[in-house]
Amino acid sequence: MTTNENLKNTDKPQLTVRVAADKLAPAAMRAMSALDKATAGSDLEAGLKELVRARASQINGCAYCVDTHSADALAGGEDQRRLLLLPVWRETGLFTARERAALALTEAVTRLSEGPVTEEVWAAAAERFEETELAELVWLITTINAWNRVSVASQAWPVNE
């Protein structure tokens, strides 16, 4: 039996919803949705927003959000190769200086438990983003991290197919 046949014959785990956080806490869901709408409406480039969302979601292990934001990025014209290389963006020349600054800030904010956002990371972002854009970027990163935490903890939106 080949490796591919072995994969086809194994039972796939079916994740189930632990708690329907969206339905059982509708006021919080409405507030998160409003925050998400506000960050989605920022003047940051749509493609950049999806890269940030996808990268934070990868770090946080949120399958639903990785799936959603990768699909949204592709639908918006993002290159599949860049998405595949997103976890190792530092090792490629495929991302612009602005994207690199946003991704570095995304990683730093997402990994706050490992240490603070360094002056170097902040300065690089401040060099590439105007002050309002930088504020919008921080809110975008904060919002996707919140969504990731709700999704991973509650498995409210499992990816089974």
# chains A, B, ... in the order shown; residues from 1 in each chain; ligands from 1
$ select_by_dssp --residues "range 18-126 of chain A" --states "helix (DSSP H, G or I)" --output "PyMOL selection string"
chain A and resi 21-24+26-40+46-60+63-75+80-84+86-91+97-110+112-114+119-126
$ closest_atom_pairs --of "range 85-151 of chain A" --to "range 35-40 of chain A" --cutoff "9 Å" --atoms "only C-alpha atoms" --output "CSV"
residue,atom,partner,partner_atom,distance
A:Glu136,CA,A:Thr39,CA,6.7
A:Leu137,CA,A:Thr39,CA,8.3
A:Trp139,CA,A:Thr39,CA,6.5
A:Leu140,CA,A:Thr39,CA,5.4
A:Thr143,CA,A:Asp36,CA,6.4
A:Ile144,CA,A:Asp36,CA,8.1
A:Trp147,CA,A:Asp36,CA,8.9
$ write_last_selection --atoms "all heavy atoms" --output "CSV table (one decimal), in the first residue's frame"
chain,number,residue,atom,x,y,z
A,136,GLU,N,-4.5,51.3,12.7
A,136,GLU,CA,-5.4,50.4,12.1
A,136,GLU,C,-4.8,49.0,12.0
A,136,GLU,O,-5.5,48.0,12.2
A,136,GLU,CB,-5.8,50.8,10.6
A,136,GLU,CG,-6.7,52.1,10.6
A,136,GLU,CD,-6.9,52.6,9.2
A,136,GLU,OE1,-6.1,52.4,8.3
A,136,GLU,OE2,-7.9,53.4,9.0
A,137,LEU,N,-3.5,48.9,11.8
A,137,LEU,CA,-2.8,47.6,11.7
A,137,LEU,C,-2.8,47.0,13.1
A,137,LEU,O,-3.1,45.7,13.2
A,137,LEU,CB,-1.4,47.8,11.2
A,137,LEU,CG,-0.5,46.6,11.1
A,137,LEU,CD1,-1.2,45.6,10.1
A,137,LEU,CD2,0.8,47.0,10.6
A,139,TRP,N,-5.1,47.4,15.5
A,139,TRP,CA,-6.5,46.9,15.7
A,139,TRP,C,-6.8,45.6,14.9
A,139,TRP,O,-7.4,44.7,15.4
A,139,TRP,CB,-7.5,48.0,15.4
A,139,TRP,CG,-7.6,48.9,16.6
A,139,TRP,CD1,-7.2,50.2,16.6
A,139,TRP,CD2,-8.2,48.6,17.8
A,139,TRP,NE1,-7.5,50.7,17.9
A,139,TRP,CE2,-8.1,49.8,18.6
A,139,TRP,CE3,-8.8,47.5,18.4
A,139,TRP,CZ2,-8.6,49.8,19.9
A,139,TRP,CZ3,-9.3,47.5,19.6
A,139,TRP,CH2,-9.2,48.7,20.4
A,140,LEU,N,-6.3,45.6,13.6
A,140,LEU,CA,-6.5,44.4,12.8
A,140,LEU,C,-5.8,43.2,13.4
A,140,LEU,O,-6.5,42.1,13.5
A,140,LEU,CB,-5.9,44.7,11.4
A,140,LEU,CG,-5.9,43.5,10.4
A,140,LEU,CD1,-7.4,43.2,10.0
A,140,LEU,CD2,-5.1,43.8,9.2
A,143,THR,N,-7.8,42.1,16.5
A,143,THR,CA,-9.0,41.5,16.2
A,143,THR,C,-8.9,40.1,15.7
A,143,THR,O,-9.6,39.2,16.2
A,143,THR,CB,-9.8,42.4,15.1
A,143,THR,OG1,-9.9,43.7,15.6
A,143,THR,CG2,-11.1,41.8,14.8
A,144,ILE,N,-7.9,39.8,14.8
A,144,ILE,CA,-7.8,38.5,14.4
A,144,ILE,C,-7.3,37.6,15.5
A,144,ILE,O,-7.7,36.4,15.6
A,144,ILE,CB,-6.9,38.3,13.1
A,144,ILE,CG1,-6.9,36.9,12.5
A,144,ILE,CG2,-5.4,38.7,13.4
A,144,ILE,CD1,-8.3,36.5,12.1
A,147,TRP,N,-10.4,36.6,17.4
A,147,TRP,CA,-11.2,35.6,16.7
A,147,TRP,C,-10.5,34.3,16.8
A,147,TRP,O,-11.2,33.2,17.0
A,147,TRP,CB,-11.3,36.0,15.2
A,147,TRP,CG,-12.4,37.0,14.9
A,147,TRP,CD1,-12.2,38.2,14.2
A,147,TRP,CD2,-13.8,36.9,15.1
A,147,TRP,NE1,-13.4,38.8,14.0
A,147,TRP,CE2,-14.4,38.0,14.5
A,147,TRP,CE3,-14.6,35.9,15.7
A,147,TRP,CZ2,-15.8,38.3,14.6
A,147,TRP,CZ3,-16.0,36.1,15.7
A,147,TRP,CH2,-16.5,37.3,15.2
$ closest_residue --among "A:Val138, A:Gly47, A:Ala108, A:Leu84" --to "Thr96 in chain A" --atoms "only C-alpha atoms"
A:Gly47
$ residues_around --residues "range 110-121 of chain A" --least-positions-apart "4" --cutoff "10 Å" --atoms "only C-alpha atoms" --output "list of chain:residue names"
A:Arg55, A:Ala56, A:Ser57, A:Ile59, A:Asn60, A:Ala101, A:Ala102, A:Leu103, A:Ala104, A:Leu105, A:Thr106, A:Ala125, A:Ala126, A:Ile141, A:Thr142, A:Ile144, A:Asn145, A:Ala146
$ residues_around --residues "Ala63 in chain A" --least-positions-apart "2" --cutoff "9 Å" --atoms "only C-alpha atoms" --output "PyMOL selection string"
chain A and resi 57-58+60-61+65-68+148+151-152+158-159
$ closest_residue --among "A:Leu15, A:Ala123, A:Leu24, A:Leu51" --to "Tyr64 in chain A" --atoms "only C-alpha atoms"
A:Leu15
$ atom_distance --atom1 "CA of Glu99 in chain A" --atom2 "CA of Val52 in chain A"
8.6 Å
$ atom_distance --atom1 "CA of Leu48 in chain A" --atom2 "CA of Val150 in chain A"
22.8 Å
$ residues_around --residues "Thr92 in chain A" --least-positions-apart "5" --cutoff "12 Å" --atoms "only C-alpha atoms" --output "PyMOL selection string"
chain A and resi 81-87+97+100
$ atom_distance --atom1 "CA of Leu44 in chain A" --atom2 "CA of Arg149 in chain A"
23.4 Å
$ residues_around --residues "Val19 in chain A" --least-positions-apart "4" --cutoff "9 Å" --atoms "only C-alpha atoms" --output "list in words"
Lys23, Leu24, Ala153, Ser154, Gln155 and Ala156 of chain A
$ write_last_selection --atoms "N, CA and C atoms" --output "CSV table (one decimal), in the first residue's frame"
chain,number,residue,atom,x,y,z
A,23,LYS,N,-23.5,31.6,19.2
A,23,LYS,CA,-24.9,31.6,19.5
A,23,LYS,C,-25.3,31.8,20.9
A,24,LEU,N,-24.4,31.3,21.8
A,24,LEU,CA,-24.7,31.3,23.2
A,24,LEU,C,-24.4,32.6,23.9
A,153,ALA,N,-10.5,27.9,21.1
A,153,ALA,CA,-11.0,27.4,22.4
A,153,ALA,C,-12.3,26.7,22.3
A,154,SER,N,-13.2,27.3,21.5
A,154,SER,CA,-14.6,26.7,21.5
A,154,SER,C,-14.8,25.7,20.3
A,155,GLN,N,-13.9,25.7,19.4
A,155,GLN,CA,-14.1,24.9,18.1
A,155,GLN,C,-15.5,25.3,17.6
A,156,ALA,N,-15.9,26.5,17.7
A,156,ALA,CA,-17.2,27.0,17.2
A,156,ALA,C,-17.4,26.8,15.7
